[in-house]
>>> print(open('structure.tsv').read())   # TSV, C-alpha atoms
chain	number	residue	atom	x	y	z
M	1	MET	CA	163.99	131.39	39.41
M	2	THR	CA	163.13	134.74	40.85
M	3	LEU	CA	162.35	135.32	44.53
M	4	ARG	CA	158.74	136.15	43.68
M	5	ALA	CA	158.28	132.85	41.79
M	6	GLN	CA	159.77	130.90	44.71
M	7	ILE	CA	157.38	132.57	47.17
M	8	GLY	CA	154.39	131.76	44.90
M	9	LYS	CA	155.43	128.13	44.66
M	10	LEU	CA	155.78	127.85	48.43
M	11	PHE	CA	152.34	129.44	48.95
M	12	ARG	CA	150.70	126.95	46.54
M	13	LEU	CA	152.35	124.05	48.36
M	14	PHE	CA	151.15	125.42	51.72
M	15	LEU	CA	147.60	125.81	50.36
M	16	LEU	CA	147.59	122.24	48.99
M	17	LEU	CA	148.87	120.88	52.30
M	18	THR	CA	146.14	122.78	54.19
M	19	VAL	CA	143.42	121.30	51.95
M	20	LEU	CA	144.79	117.78	52.40
M	21	VAL	CA	144.87	118.17	56.22
M	22	ALA	CA	141.26	119.50	56.25
M	23	VAL	CA	140.04	116.56	54.13
M	24	ALA	CA	141.80	114.09	56.39
M	25	LEU	CA	140.35	115.73	59.50
M	26	ILE	CA	136.78	115.67	58.13
M	27	SER	CA	137.18	112.02	57.13
M	28	ALA	CA	138.46	111.12	60.60
M	29	ILE	CA	135.56	112.92	62.33
M	30	THR	CA	133.02	111.17	60.07
M	31	THR	CA	134.59	107.79	60.81
M	32	ILE	CA	134.57	108.41	64.56
M	33	ARG	CA	130.92	109.53	64.56
M	34	PHE	CA	129.86	106.48	62.54
M	35	THR	CA	131.81	104.21	64.88
M	36	ILE	CA	130.26	105.76	68.00
M	37	HIS	CA	126.67	106.04	66.85
M	38	GLY	CA	126.31	103.30	64.31
M	39	HIS	CA	122.81	102.62	62.98
M	40	GLN	CA	120.16	103.89	65.41
M	41	GLU	CA	116.44	103.19	65.79
M	42	THR	CA	113.66	104.88	67.75
M	43	MET	CA	112.58	102.75	70.71
M	44	PRO	CA	108.93	101.65	70.23
M	45	GLY	CA	106.34	101.61	73.01
M	46	LEU	CA	106.08	98.05	74.31
M	47	VAL	CA	103.88	98.54	77.40
M	48	GLY	CA	100.53	96.83	76.82
M	49	MET	CA	101.87	94.48	74.13
M	50	THR	CA	102.02	90.77	74.68
M	51	ALA	CA	105.51	89.45	75.33
M	52	GLU	CA	105.51	87.75	71.92
M	53	ALA	CA	104.43	90.91	70.06
M	54	ALA	CA	107.07	92.97	71.89
M	55	GLN	CA	109.69	90.37	70.98
M	56	ARG	CA	108.78	90.64	67.29
M	57	ALA	CA	108.68	94.46	67.38
M	58	THR	CA	112.17	94.74	68.90
M	59	GLY	CA	113.60	91.95	66.76
M	60	ASN	CA	112.42	93.67	63.56
M	61	LEU	CA	114.49	96.73	64.60
M	62	GLY	CA	117.59	94.68	65.35
M	63	LEU	CA	117.16	95.03	69.13
M	64	VAL	CA	117.44	92.26	71.72
M	65	MET	CA	114.56	92.06	74.26
M	66	LYS	CA	115.26	90.57	77.68
M	67	VAL	CA	112.48	89.72	80.17
M	68	GLU	CA	113.99	90.76	83.50
M	69	ASP	CA	111.13	89.53	85.68
M	70	LYS	CA	107.41	88.71	85.86
M	71	VAL	CA	105.29	90.66	88.35
M	72	TYR	CA	101.68	90.93	89.48
M	73	SER	CA	99.84	93.88	87.93
M	74	ILE	CA	96.28	95.20	88.17
M	75	GLN	CA	96.88	97.47	85.15
M	76	GLN	CA	98.04	94.89	82.61
M	77	PRO	CA	96.60	91.39	81.97
M	78	ALA	CA	98.83	88.35	82.17
M	79	ASN	CA	101.64	88.10	79.57
M	80	GLN	CA	101.58	91.79	78.69
M	81	VAL	CA	104.54	94.15	79.11
M	82	VAL	CA	104.26	96.26	82.30
M	83	SER	CA	107.36	98.45	81.87
M	84	GLN	CA	110.34	98.88	79.57
M	85	GLU	CA	113.84	100.33	79.62
M	86	PRO	CA	114.82	102.38	77.58
M	87	PRO	CA	111.46	104.18	77.44
M	88	ALA	CA	109.51	104.66	74.21
M	89	GLY	CA	110.91	107.34	71.91
M	90	THR	CA	114.56	106.87	72.96
M	91	ARG	CA	117.18	106.64	70.19
M	92	ILE	CA	118.98	103.31	70.54
M	93	LYS	CA	121.67	101.49	68.55
M	94	THR	CA	120.75	98.25	66.82
M	95	GLY	CA	122.00	95.23	68.69
M	96	GLN	CA	121.43	96.78	72.12
M	97	HIS	CA	119.33	95.12	74.85
M	98	VAL	CA	115.82	96.22	75.79
M	99	HIS	CA	114.73	95.26	79.34
M	100	VAL	CA	111.06	94.60	80.14
M	101	LEU	CA	108.83	93.40	83.00
M	102	VAL	CA	105.96	91.10	82.05
M	103	SER	CA	102.65	90.87	83.94
M	104	LEU	CA	101.44	87.81	85.81
M	105	GLY	CA	97.97	89.39	85.92
M	106	PRO	CA	96.17	90.64	89.03
M	107	PRO	CA	97.08	88.90	92.30
M	108	ARG	CA	94.57	86.35	93.57
M	109	VAL	CA	94.37	86.19	97.34
M	110	ALA	CA	91.96	85.05	100.04
M	111	VAL	CA	90.27	87.80	102.06
M	112	PRO	CA	91.15	87.75	105.79
M	113	ASN	CA	88.48	88.01	108.51
M	114	LEU	CA	88.77	91.52	109.97
M	115	VAL	CA	85.40	91.71	111.76
M	116	GLY	CA	85.78	92.09	115.51
M	117	SER	CA	89.23	93.69	115.32
M	118	SER	CA	89.96	97.31	116.10
M	119	LEU	CA	90.37	99.55	113.08
M	120	ARG	CA	94.13	99.81	113.62
M	121	ALA	CA	94.56	96.05	114.00
M	122	ALA	CA	92.39	95.43	110.91
M	123	GLN	CA	94.49	97.82	108.82
M	124	ILE	CA	97.74	96.14	109.92
M	125	SER	CA	96.32	92.66	109.28
M	126	ALA	CA	95.10	93.68	105.82
M	127	VAL	CA	98.49	95.11	104.81
M	128	GLN	CA	100.34	92.03	106.08
M	129	ARG	CA	98.17	89.87	103.81
M	130	GLY	CA	98.73	92.02	100.74
M	131	PHE	CA	95.56	94.11	100.99
M	132	SER	CA	94.99	97.84	101.22
M	133	VAL	CA	92.02	99.47	102.95
M	134	ALA	CA	90.00	101.27	100.26
M	135	SER	CA	87.53	103.06	102.51
M	136	VAL	CA	86.35	103.23	106.11
M	137	ALA	CA	82.80	104.17	107.16
M	138	ALA	CA	81.67	104.66	110.75
M	139	LEU	CA	78.19	104.33	112.28
M	140	PRO	CA	76.68	103.87	115.74
M	141	TRP	CA	76.33	100.11	116.21
M	142	PRO	CA	74.40	98.42	119.01
M	143	GLY	CA	76.37	95.83	120.95
M	144	ALA	CA	79.75	96.85	119.50
M	145	GLU	CA	82.46	98.91	121.13
M	146	ALA	CA	83.68	102.11	119.50
M	147	ASP	CA	86.44	101.59	116.86
M	148	GLN	CA	85.50	97.92	116.35
M	149	VAL	CA	85.13	96.58	112.78
M	150	VAL	CA	81.57	95.27	112.38
M	151	ALA	CA	81.46	94.53	108.64
M	152	GLN	CA	83.78	94.27	105.64
M	153	ASP	CA	83.57	94.09	101.84
M	154	PRO	CA	84.47	91.68	100.35
M	155	PRO	CA	83.56	89.29	103.18
M	156	SER	CA	86.11	86.92	104.67
M	157	LEU	CA	86.81	83.54	103.08
M	158	THR	CA	86.25	85.03	99.60
M	159	SER	CA	89.04	83.70	97.38
M	160	ASN	CA	90.49	84.58	93.97
M	161	VAL	CA	90.05	88.30	94.59
M	162	HIS	CA	91.56	90.23	91.67
M	163	SER	CA	91.78	93.63	93.36
M	164	PRO	CA	93.49	93.37	96.78
M	165	THR	CA	91.42	96.04	98.53
M	166	VAL	CA	88.87	95.85	101.34
M	167	SER	CA	86.34	98.34	102.71
M	168	LEU	CA	85.50	98.44	106.41
M	169	LEU	CA	82.50	99.50	108.52
M	170	VAL	CA	83.51	100.59	112.02
M	171	SER	CA	81.33	101.04	115.09
M	172	LEU	CA	81.00	104.39	116.82
M	173	GLY	CA	79.64	102.56	119.84
M	174	GLU	CA	76.08	102.58	121.11
M	175	ALA	CA	73.93	105.27	119.56
M	176	GLN	CA	73.43	108.19	121.92
M	177	PRO	CA	69.83	109.23	122.55
M	178	SER	CA	68.84	112.49	120.90
M	179	TYR	CA	66.08	114.96	121.64
M	180	LEU	CA	64.54	118.04	120.13
M	181	CYS	CA	65.84	121.07	121.97
M	182	PRO	CA	63.01	122.82	123.89
M	183	ASN	CA	62.37	126.55	123.73
M	184	LEU	CA	63.68	127.90	127.04
M	185	THR	CA	63.42	131.62	126.30
M	186	GLY	CA	61.41	133.59	128.82
M	187	GLN	CA	62.00	131.08	131.61
M	188	PRO	CA	64.16	131.89	134.65
M	189	LEU	CA	67.68	130.53	134.39
M	190	ALA	CA	67.50	129.50	138.04
M	191	THR	CA	64.65	127.12	137.18
M	192	VAL	CA	66.11	125.82	133.88
M	193	ARG	CA	69.64	125.07	135.14
M	194	PRO	CA	68.76	122.22	137.58
M	195	GLN	CA	66.42	120.64	135.00
M	196	LEU	CA	69.20	120.53	132.37
M	197	GLU	CA	71.77	119.21	134.82
M	198	GLU	CA	69.39	116.46	135.94
M	199	ALA	CA	69.16	115.35	132.28
M	200	GLY	CA	72.97	115.18	132.03
M	201	MET	CA	73.34	118.46	130.14
M	202	LYS	CA	75.39	121.44	131.18
M	203	VAL	CA	75.02	125.20	131.28
M	204	GLY	CA	78.08	126.85	129.85
M	205	GLN	CA	78.45	130.58	129.27
M	206	VAL	CA	75.77	132.91	130.70
M	207	ILE	CA	75.84	136.39	129.16
M	208	PRO	CA	74.05	139.21	131.01
M	209	PHE	CA	72.15	141.58	128.71
M	210	PRO	CA	70.13	144.75	129.47
M	211	ALA	CA	66.42	144.16	128.85
M	212	GLU	CA	63.66	146.52	130.03
M	213	ASN	CA	60.74	144.23	129.17
M	214	ALA	CA	62.04	141.02	130.79
M	215	ALA	CA	62.36	139.91	134.38
M	216	LYS	CA	65.85	139.76	135.81
M	217	GLY	CA	67.39	136.33	135.23
M	218	ALA	CA	64.97	135.46	132.39
M	219	ILE	CA	66.49	133.70	129.36
M	220	LEU	CA	66.52	136.01	126.30
M	221	SER	CA	68.20	133.65	123.80
M	222	GLN	CA	69.78	130.21	123.79
M	223	THR	CA	72.28	127.99	121.99
M	224	PRO	CA	71.49	125.32	120.73
M	225	ALA	CA	68.46	126.81	119.03
M	226	PRO	CA	64.95	125.52	119.84
M	227	GLY	CA	64.00	122.56	117.62
M	228	SER	CA	67.58	121.39	116.96
M	229	LYS	CA	68.75	117.89	117.93
M	230	ILE	CA	70.63	117.57	121.21
M	231	GLY	CA	72.11	114.74	123.28
M	232	PRO	CA	72.88	114.15	126.96
M	233	ASP	CA	76.28	115.86	126.68
M	234	THR	CA	74.93	119.11	125.21
M	235	VAL	CA	76.30	122.36	126.66
M	236	PHE	CA	73.93	125.36	126.61
M	237	THR	CA	74.84	129.00	126.27
M	238	PHE	CA	72.30	131.59	127.42
M	239	GLN	CA	71.79	135.30	127.14
M	240	VAL	CA	70.02	136.41	130.33
M	241	ALA	CA	68.26	139.65	131.30
M	242	GLU	CA	70.17	141.65	133.91
>>> encode(input="structure.tsv", output="structure tokens")
Amino acid sequence: MTLRAQIGKLFRLFLLLTVLVAVALISAITTIRFTIHGHQETMPGLVGMTAEAAQRATGNLGLVMKVEDKVYSIQQPANQVVSQEPPAGTRIKTGQHVHVLVSLGPPRVAVPNLVGSSLRAAQISAVQRGFSVASVAALPWPGAEADQVVAQDPPSLTSNVHSPTVSLLVSLGEAQPSYLCPNLTGQPLATVRPQLEEAGMKVGQVIPFPAENAAKGAILSQTPAPGSKIGPDTVFTFQVAE
């Protein structure tokens, strides 16, 4: 056999061996991938289903559903799935476990009596009893100190409340008297000041302003404006002729 024929034979043997190795490698990779991944399903959405319906849905896909706990929920009625793991849309191997929480329905609690407490104490008491304060309104209230709770909704002693929230009405204290602000322009500041101070009001900033047609010390403008509502603690600002 010539040298050229021997080289050709060796090349064909090398080529055959290369093909066999490639086929074996592809077969091994395919086997490994099948072993790792197996048969997979897309995780369905179980939230909102009854526990029984969720059990059937997962069982039909070869999955095993486990109820990890039952919790109170205001979003889902009793016996419906509140949450799931893995979430909907996840690729999951058949035979794997699916973990869910199932609703006990909304909590039913008795409303505590918060009237007469301070706002801070009422908020703490509500939280300790499983409530949250939904809203707080404040109004002047005769006979009640400022920051005192004077009304609540729902009222105390109400039981079987589905939504554990309470709204409070808080006193701002006794209503302060209010008056219509008089027009003081043109009057001498020296005369107006003692009258305001006698009524419990104060004169704040006094701004001198040149005015040819007004007597010295006469009020040219005022804040608050005439006709506005004022109380005993009002502070006036005047512009006065110099």
>>> atom_distance(input="structure.tsv", atom1="CA of Asn60 (chain M)", atom2="CA of Ser103 (chain M)")
22.8 Å
>>> closest_residue(input="structure.tsv", among="M:Leu139, M:Met201, M:Ile230, M:Leu168", to="Asp153 (chain M)", atoms="only C-alpha atoms")
M:Leu168
>>> closest_residue(input="structure.tsv", among="M:Ser83, M:Gln96, M:Ser221, M:Ser118", to="Leu172 (chain M)", atoms="only C-alpha atoms")
M:Ser118
>>> closest_residue(input="structure.tsv", among="M:Val100, M:Val64, M:Leu157, M:Val166", to="Ser135 (chain M)", atoms="all atoms listed in the file")
M:Val166
>>> atom_distance(input="structure.tsv", atom1="CA of Tyr179 (chain M)", atom2="CA of Glu145 (chain M)")
22.9 Å
>>> atom_distance(input="structure.tsv", atom1="CA of Gly62 (chain M)", atom2="CA of Ala88 (chain M)")
15.6 Å
>>> closest_residue(input="structure.tsv", among="M:Gly130, M:Gly116, M:Gly200, M:Gly45", to="Gly143 (chain M)", atoms="all atoms listed in the file")
M:Gly116
>>> residues_around(input="structure.tsv", residues="Val240 (chain M)", least_positions_apart="4", cutoff="6 Å", atoms="all atoms listed in the file", output="number ranges by chain")
M: 207-209, 217-220
>>> closest_residue(input="structure.tsv", among="M:Asn113, M:Gln222, M:Asn213, M:Thr185", to="Pro155 (chain M)", atoms="all atoms listed in the file")
M:Asn113
>>> residues_near_point(input="structure.tsv", point="(97.7, 90.6, 79.5)", cutoff="8 Å", atoms="only C-alpha atoms", output="PyMOL selection string")
chain M and resi 48-50+76-81+103-105
>>> residues_near_point(input="structure.tsv", point="(119.0, 106.7, 72.7)", cutoff="12 Å", atoms="only C-alpha atoms", output="mmCIF file with C-alpha atoms, in the coordinates of the input")
data_model
loop_
_atom_site.group_PDB
_atom_site.id
_atom_site.type_symbol
_atom_site.label_atom_id
_atom_site.label_comp_id
_atom_site.auth_asym_id
_atom_site.auth_seq_id
_atom_site.Cartn_x
_atom_site.Cartn_y
_atom_site.Cartn_z
ATOM 1 C CA HIS M 37 126.670 106.040 66.850
ATOM 2 C CA GLY M 38 126.310 103.300 64.310
ATOM 3 C CA HIS M 39 122.810 102.620 62.980
ATOM 4 C CA GLN M 40 120.160 103.890 65.410
ATOM 5 C CA GLU M 41 116.440 103.190 65.790
ATOM 6 C CA THR M 42 113.660 104.880 67.750
ATOM 7 C CA MET M 43 112.580 102.750 70.710
ATOM 8 C CA PRO M 44 108.930 101.650 70.230
ATOM 9 C CA GLU M 85 113.840 100.330 79.620
ATOM 10 C CA PRO M 86 114.820 102.380 77.580
ATOM 11 C CA PRO M 87 111.460 104.180 77.440
ATOM 12 C CA ALA M 88 109.510 104.660 74.210
ATOM 13 C CA GLY M 89 110.910 107.340 71.910
ATOM 14 C CA THR M 90 114.560 106.870 72.960
ATOM 15 C CA ARG M 91 117.180 106.640 70.190
ATOM 16 C CA ILE M 92 118.980 103.310 70.540
ATOM 17 C CA LYS M 93 121.670 101.490 68.550
ATOM 18 C CA THR M 94 120.750 98.250 66.820
ATOM 19 C CA GLN M 96 121.430 96.780 72.120
ATOM 20 C CA HIS M 97 119.330 95.120 74.850
ATOM 21 C CA VAL M 98 115.820 96.220 75.790
#
>>> closest_residue(input="structure.tsv", among="M:Ala144, M:Val47, M:Ala137, M:Ala121", to="His99 (chain M)", atoms="only C-alpha atoms")
M:Val47
>>> decode(input="structure.tsv", residues="region 16-150 of chain M", atoms="C-alpha atoms", output="PDB file, in the first residue's frame")
ATOM      1  CA  LEU M  16     -15.461   8.678  11.419  1.00  0.00           C
ATOM      2  CA  LEU M  17     -14.162   8.958  14.977  1.00  0.00           C
ATOM      3  CA  THR M  18     -14.969  12.696  15.030  1.00  0.00           C
ATOM      4  CA  VAL M  19     -18.555  12.039  13.886  1.00  0.00           C
ATOM      5  CA  LEU M  20     -19.038   9.339  16.529  1.00  0.00           C
ATOM      6  CA  VAL M  21     -17.741  11.654  19.299  1.00  0.00           C
ATOM      7  CA  ALA M  22     -20.058  14.489  18.145  1.00  0.00           C
ATOM      8  CA  VAL M  23     -23.098  12.165  18.135  1.00  0.00           C
ATOM      9  CA  ALA M  24     -22.234  10.902  21.600  1.00  0.00           C
ATOM     10  CA  LEU M  25     -21.782  14.453  22.902  1.00  0.00           C
ATOM     11  CA  ILE M  26     -25.140  15.633  21.497  1.00  0.00           C
ATOM     12  CA  SER M  27     -26.869  12.580  22.966  1.00  0.00           C
ATOM     13  CA  ALA M  28     -25.312  13.243  26.379  1.00  0.00           C
ATOM     14  CA  ILE M  29     -26.356  16.923  26.346  1.00  0.00           C
ATOM     15  CA  THR M  30     -29.926  15.982  25.370  1.00  0.00           C
ATOM     16  CA  THR M  31     -30.098  13.417  28.175  1.00  0.00           C
ATOM     17  CA  ILE M  32     -28.782  15.890  30.741  1.00  0.00           C
ATOM     18  CA  ARG M  33     -31.250  18.608  29.691  1.00  0.00           C
ATOM     19  CA  PHE M  34     -34.180  16.178  29.844  1.00  0.00           C
ATOM     20  CA  THR M  35     -33.047  14.983  33.271  1.00  0.00           C
ATOM     21  CA  ILE M  36     -32.713  18.533  34.615  1.00  0.00           C
ATOM     22  CA  HIS M  37     -35.860  20.056  33.173  1.00  0.00           C
ATOM     23  CA  GLY M  38     -38.197  17.142  32.811  1.00  0.00           C
ATOM     24  CA  HIS M  39     -41.790  17.918  31.816  1.00  0.00           C
ATOM     25  CA  GLN M  40     -42.695  21.518  32.675  1.00  0.00           C
ATOM     26  CA  GLU M  41     -46.009  23.353  33.022  1.00  0.00           C
ATOM     27  CA  THR M  42     -46.941  27.027  33.250  1.00  0.00           C
ATOM     28  CA  MET M  43     -48.071  27.936  36.763  1.00  0.00           C
ATOM     29  CA  PRO M  44     -51.763  29.001  36.685  1.00  0.00           C
ATOM     30  CA  GLY M  45     -53.169  31.943  38.622  1.00  0.00           C
ATOM     31  CA  LEU M  46     -54.781  30.593  41.789  1.00  0.00           C
ATOM     32  CA  VAL M  47     -55.515  33.829  43.690  1.00  0.00           C
ATOM     33  CA  GLY M  48     -59.286  34.296  43.936  1.00  0.00           C
ATOM     34  CA  MET M  49     -60.068  30.596  43.385  1.00  0.00           C
ATOM     35  CA  THR M  50     -61.623  28.514  46.095  1.00  0.00           C
ATOM     36  CA  ALA M  51     -59.211  26.122  47.765  1.00  0.00           C
ATOM     37  CA  GLU M  52     -60.973  23.178  46.114  1.00  0.00           C
ATOM     38  CA  ALA M  53     -60.813  24.711  42.624  1.00  0.00           C
ATOM     39  CA  ALA M  54     -57.126  25.544  43.076  1.00  0.00           C
ATOM     40  CA  GLN M  55     -56.481  21.970  44.214  1.00  0.00           C
ATOM     41  CA  ARG M  56     -58.108  20.601  41.058  1.00  0.00           C
ATOM     42  CA  ALA M  57     -56.288  23.082  38.789  1.00  0.00           C
ATOM     43  CA  THR M  58     -52.852  22.173  40.172  1.00  0.00           C
ATOM     44  CA  GLY M  59     -53.627  18.455  40.333  1.00  0.00           C
ATOM     45  CA  ASN M  60     -54.622  18.403  36.647  1.00  0.00           C
ATOM     46  CA  LEU M  61     -51.125  19.744  35.821  1.00  0.00           C
ATOM     47  CA  GLY M  62     -49.360  17.171  37.974  1.00  0.00           C
ATOM     48  CA  LEU M  63     -48.521  19.722  40.686  1.00  0.00           C
ATOM     49  CA  VAL M  64     -48.944  19.281  44.445  1.00  0.00           C
ATOM     50  CA  MET M  65     -50.731  22.149  46.266  1.00  0.00           C
ATOM     51  CA  LYS M  66     -49.952  22.733  49.935  1.00  0.00           C
ATOM     52  CA  VAL M  67     -51.990  25.118  52.122  1.00  0.00           C
ATOM     53  CA  GLU M  68     -49.323  26.773  54.272  1.00  0.00           C
ATOM     54  CA  ASP M  69     -51.702  28.801  56.443  1.00  0.00           C
ATOM     55  CA  LYS M  70     -55.128  30.446  56.693  1.00  0.00           C
ATOM     56  CA  VAL M  71     -55.243  34.206  57.248  1.00  0.00           C
ATOM     57  CA  TYR M  72     -57.788  36.998  57.606  1.00  0.00           C
ATOM     58  CA  SER M  73     -58.281  38.992  54.393  1.00  0.00           C
ATOM     59  CA  ILE M  74     -60.511  41.914  53.417  1.00  0.00           C
ATOM     60  CA  GLN M  75     -59.723  41.329  49.718  1.00  0.00           C
ATOM     61  CA  GLN M  76     -60.730  37.669  49.413  1.00  0.00           C
ATOM     62  CA  PRO M  77     -63.813  35.935  50.888  1.00  0.00           C
ATOM     63  CA  ALA M  78     -63.410  32.920  53.133  1.00  0.00           C
ATOM     64  CA  ASN M  79     -61.918  29.773  51.530  1.00  0.00           C
ATOM     65  CA  GLN M  80     -60.387  31.612  48.577  1.00  0.00           C
ATOM     66  CA  VAL M  81     -56.666  31.676  47.775  1.00  0.00           C
ATOM     67  CA  VAL M  82     -54.990  34.908  48.976  1.00  0.00           C
ATOM     68  CA  SER M  83     -51.469  34.332  47.624  1.00  0.00           C
ATOM     69  CA  GLN M  84     -49.420  31.671  45.861  1.00  0.00           C
ATOM     70  CA  GLU M  85     -45.797  30.658  45.375  1.00  0.00           C
ATOM     71  CA  PRO M  86     -44.537  30.274  42.627  1.00  0.00           C
ATOM     72  CA  PRO M  87     -46.469  33.169  41.073  1.00  0.00           C
ATOM     73  CA  ALA M  88     -48.723  32.759  38.036  1.00  0.00           C
ATOM     74  CA  GLY M  89     -46.870  32.375  34.738  1.00  0.00           C
ATOM     75  CA  THR M  90     -43.797  30.647  36.228  1.00  0.00           C
ATOM     76  CA  ARG M  91     -42.495  27.525  34.458  1.00  0.00           C
ATOM     77  CA  ILE M  92     -42.555  24.652  36.949  1.00  0.00           C
ATOM     78  CA  LYS M  93     -41.766  20.928  36.771  1.00  0.00           C
ATOM     79  CA  THR M  94     -44.595  18.466  37.285  1.00  0.00           C
ATOM     80  CA  GLY M  95     -44.537  16.926  40.727  1.00  0.00           C
ATOM     81  CA  GLN M  96     -43.314  20.107  42.422  1.00  0.00           C
ATOM     82  CA  HIS M  97     -45.117  21.741  45.358  1.00  0.00           C
ATOM     83  CA  VAL M  98     -47.229  24.894  45.062  1.00  0.00           C
ATOM     84  CA  HIS M  99     -47.634  26.865  48.334  1.00  0.00           C
ATOM     85  CA  VAL M 100     -50.778  28.921  48.985  1.00  0.00           C
ATOM     86  CA  LEU M 101     -52.424  30.992  51.735  1.00  0.00           C
ATOM     87  CA  VAL M 102     -56.193  30.623  52.096  1.00  0.00           C
ATOM     88  CA  SER M 103     -58.527  33.354  53.377  1.00  0.00           C
ATOM     89  CA  LEU M 104     -60.522  33.157  56.586  1.00  0.00           C
ATOM     90  CA  GLY M 105     -62.584  36.114  55.355  1.00  0.00           C
ATOM     91  CA  PRO M 106     -62.608  39.619  56.859  1.00  0.00           C
ATOM     92  CA  PRO M 107     -61.826  39.848  60.581  1.00  0.00           C
ATOM     93  CA  ARG M 108     -64.809  40.340  62.875  1.00  0.00           C
ATOM     94  CA  VAL M 109     -64.027  42.446  65.915  1.00  0.00           C
ATOM     95  CA  ALA M 110     -65.844  44.566  68.491  1.00  0.00           C
ATOM     96  CA  VAL M 111     -65.338  48.335  68.229  1.00  0.00           C
ATOM     97  CA  PRO M 112     -63.615  49.875  71.285  1.00  0.00           C
ATOM     98  CA  ASN M 113     -64.955  53.019  72.992  1.00  0.00           C
ATOM     99  CA  LEU M 114     -62.596  55.852  72.036  1.00  0.00           C
ATOM    100  CA  VAL M 115     -64.801  58.828  72.981  1.00  0.00           C
ATOM    101  CA  GLY M 116     -63.275  60.936  75.740  1.00  0.00           C
ATOM    102  CA  SER M 117     -59.688  59.921  74.968  1.00  0.00           C
ATOM    103  CA  SER M 118     -57.094  62.200  73.458  1.00  0.00           C
ATOM    104  CA  LEU M 119     -56.472  61.689  69.754  1.00  0.00           C
ATOM    105  CA  ARG M 120     -53.088  60.074  70.406  1.00  0.00           C
ATOM    106  CA  ALA M 121     -54.476  57.707  73.040  1.00  0.00           C
ATOM    107  CA  ALA M 122     -57.416  56.808  70.768  1.00  0.00           C
ATOM    108  CA  GLN M 123     -55.074  55.982  67.884  1.00  0.00           C
ATOM    109  CA  ILE M 124     -52.915  53.748  70.103  1.00  0.00           C
ATOM    110  CA  SER M 125     -55.980  52.010  71.573  1.00  0.00           C
ATOM    111  CA  ALA M 126     -57.430  51.402  68.103  1.00  0.00           C
ATOM    112  CA  VAL M 127     -54.201  49.856  66.789  1.00  0.00           C
ATOM    113  CA  GLN M 128     -53.835  47.624  69.856  1.00  0.00           C
ATOM    114  CA  ARG M 129     -57.312  46.220  69.155  1.00  0.00           C
ATOM    115  CA  GLY M 130     -56.628  45.547  65.495  1.00  0.00           C
ATOM    116  CA  PHE M 131     -58.149  48.739  64.086  1.00  0.00           C
ATOM    117  CA  SER M 132     -56.721  51.502  61.938  1.00  0.00           C
ATOM    118  CA  VAL M 133     -57.908  55.117  62.002  1.00  0.00           C
ATOM    119  CA  ALA M 134     -59.423  55.860  58.586  1.00  0.00           C
ATOM    120  CA  SER M 135     -59.968  59.593  59.014  1.00  0.00           C
ATOM    121  CA  VAL M 136     -59.886  62.350  61.618  1.00  0.00           C
ATOM    122  CA  ALA M 137     -62.074  65.474  61.504  1.00  0.00           C
ATOM    123  CA  ALA M 138     -61.783  68.392  63.921  1.00  0.00           C
ATOM    124  CA  LEU M 139     -64.414  70.955  64.966  1.00  0.00           C
ATOM    125  CA  PRO M 140     -64.941  73.418  67.813  1.00  0.00           C
ATOM    126  CA  TRP M 141     -66.955  71.540  70.430  1.00  0.00           C
ATOM    127  CA  PRO M 142     -68.621  73.099  73.466  1.00  0.00           C
ATOM    128  CA  GLY M 143     -67.733  71.478  76.773  1.00  0.00           C
ATOM    129  CA  ALA M 144     -64.835  69.438  75.363  1.00  0.00           C
ATOM    130  CA  GLU M 145     -61.130  70.125  75.662  1.00  0.00           C
ATOM    131  CA  ALA M 146     -58.998  70.542  72.565  1.00  0.00           C
ATOM    132  CA  ASP M 147     -57.692  67.229  71.091  1.00  0.00           C
ATOM    133  CA  GLN M 148     -60.406  65.184  72.821  1.00  0.00           C
ATOM    134  CA  VAL M 149     -62.351  62.574  70.793  1.00  0.00           C
ATOM    135  CA  VAL M 150     -66.047  63.507  70.911  1.00  0.00           C
TER     136      VAL M 150
END
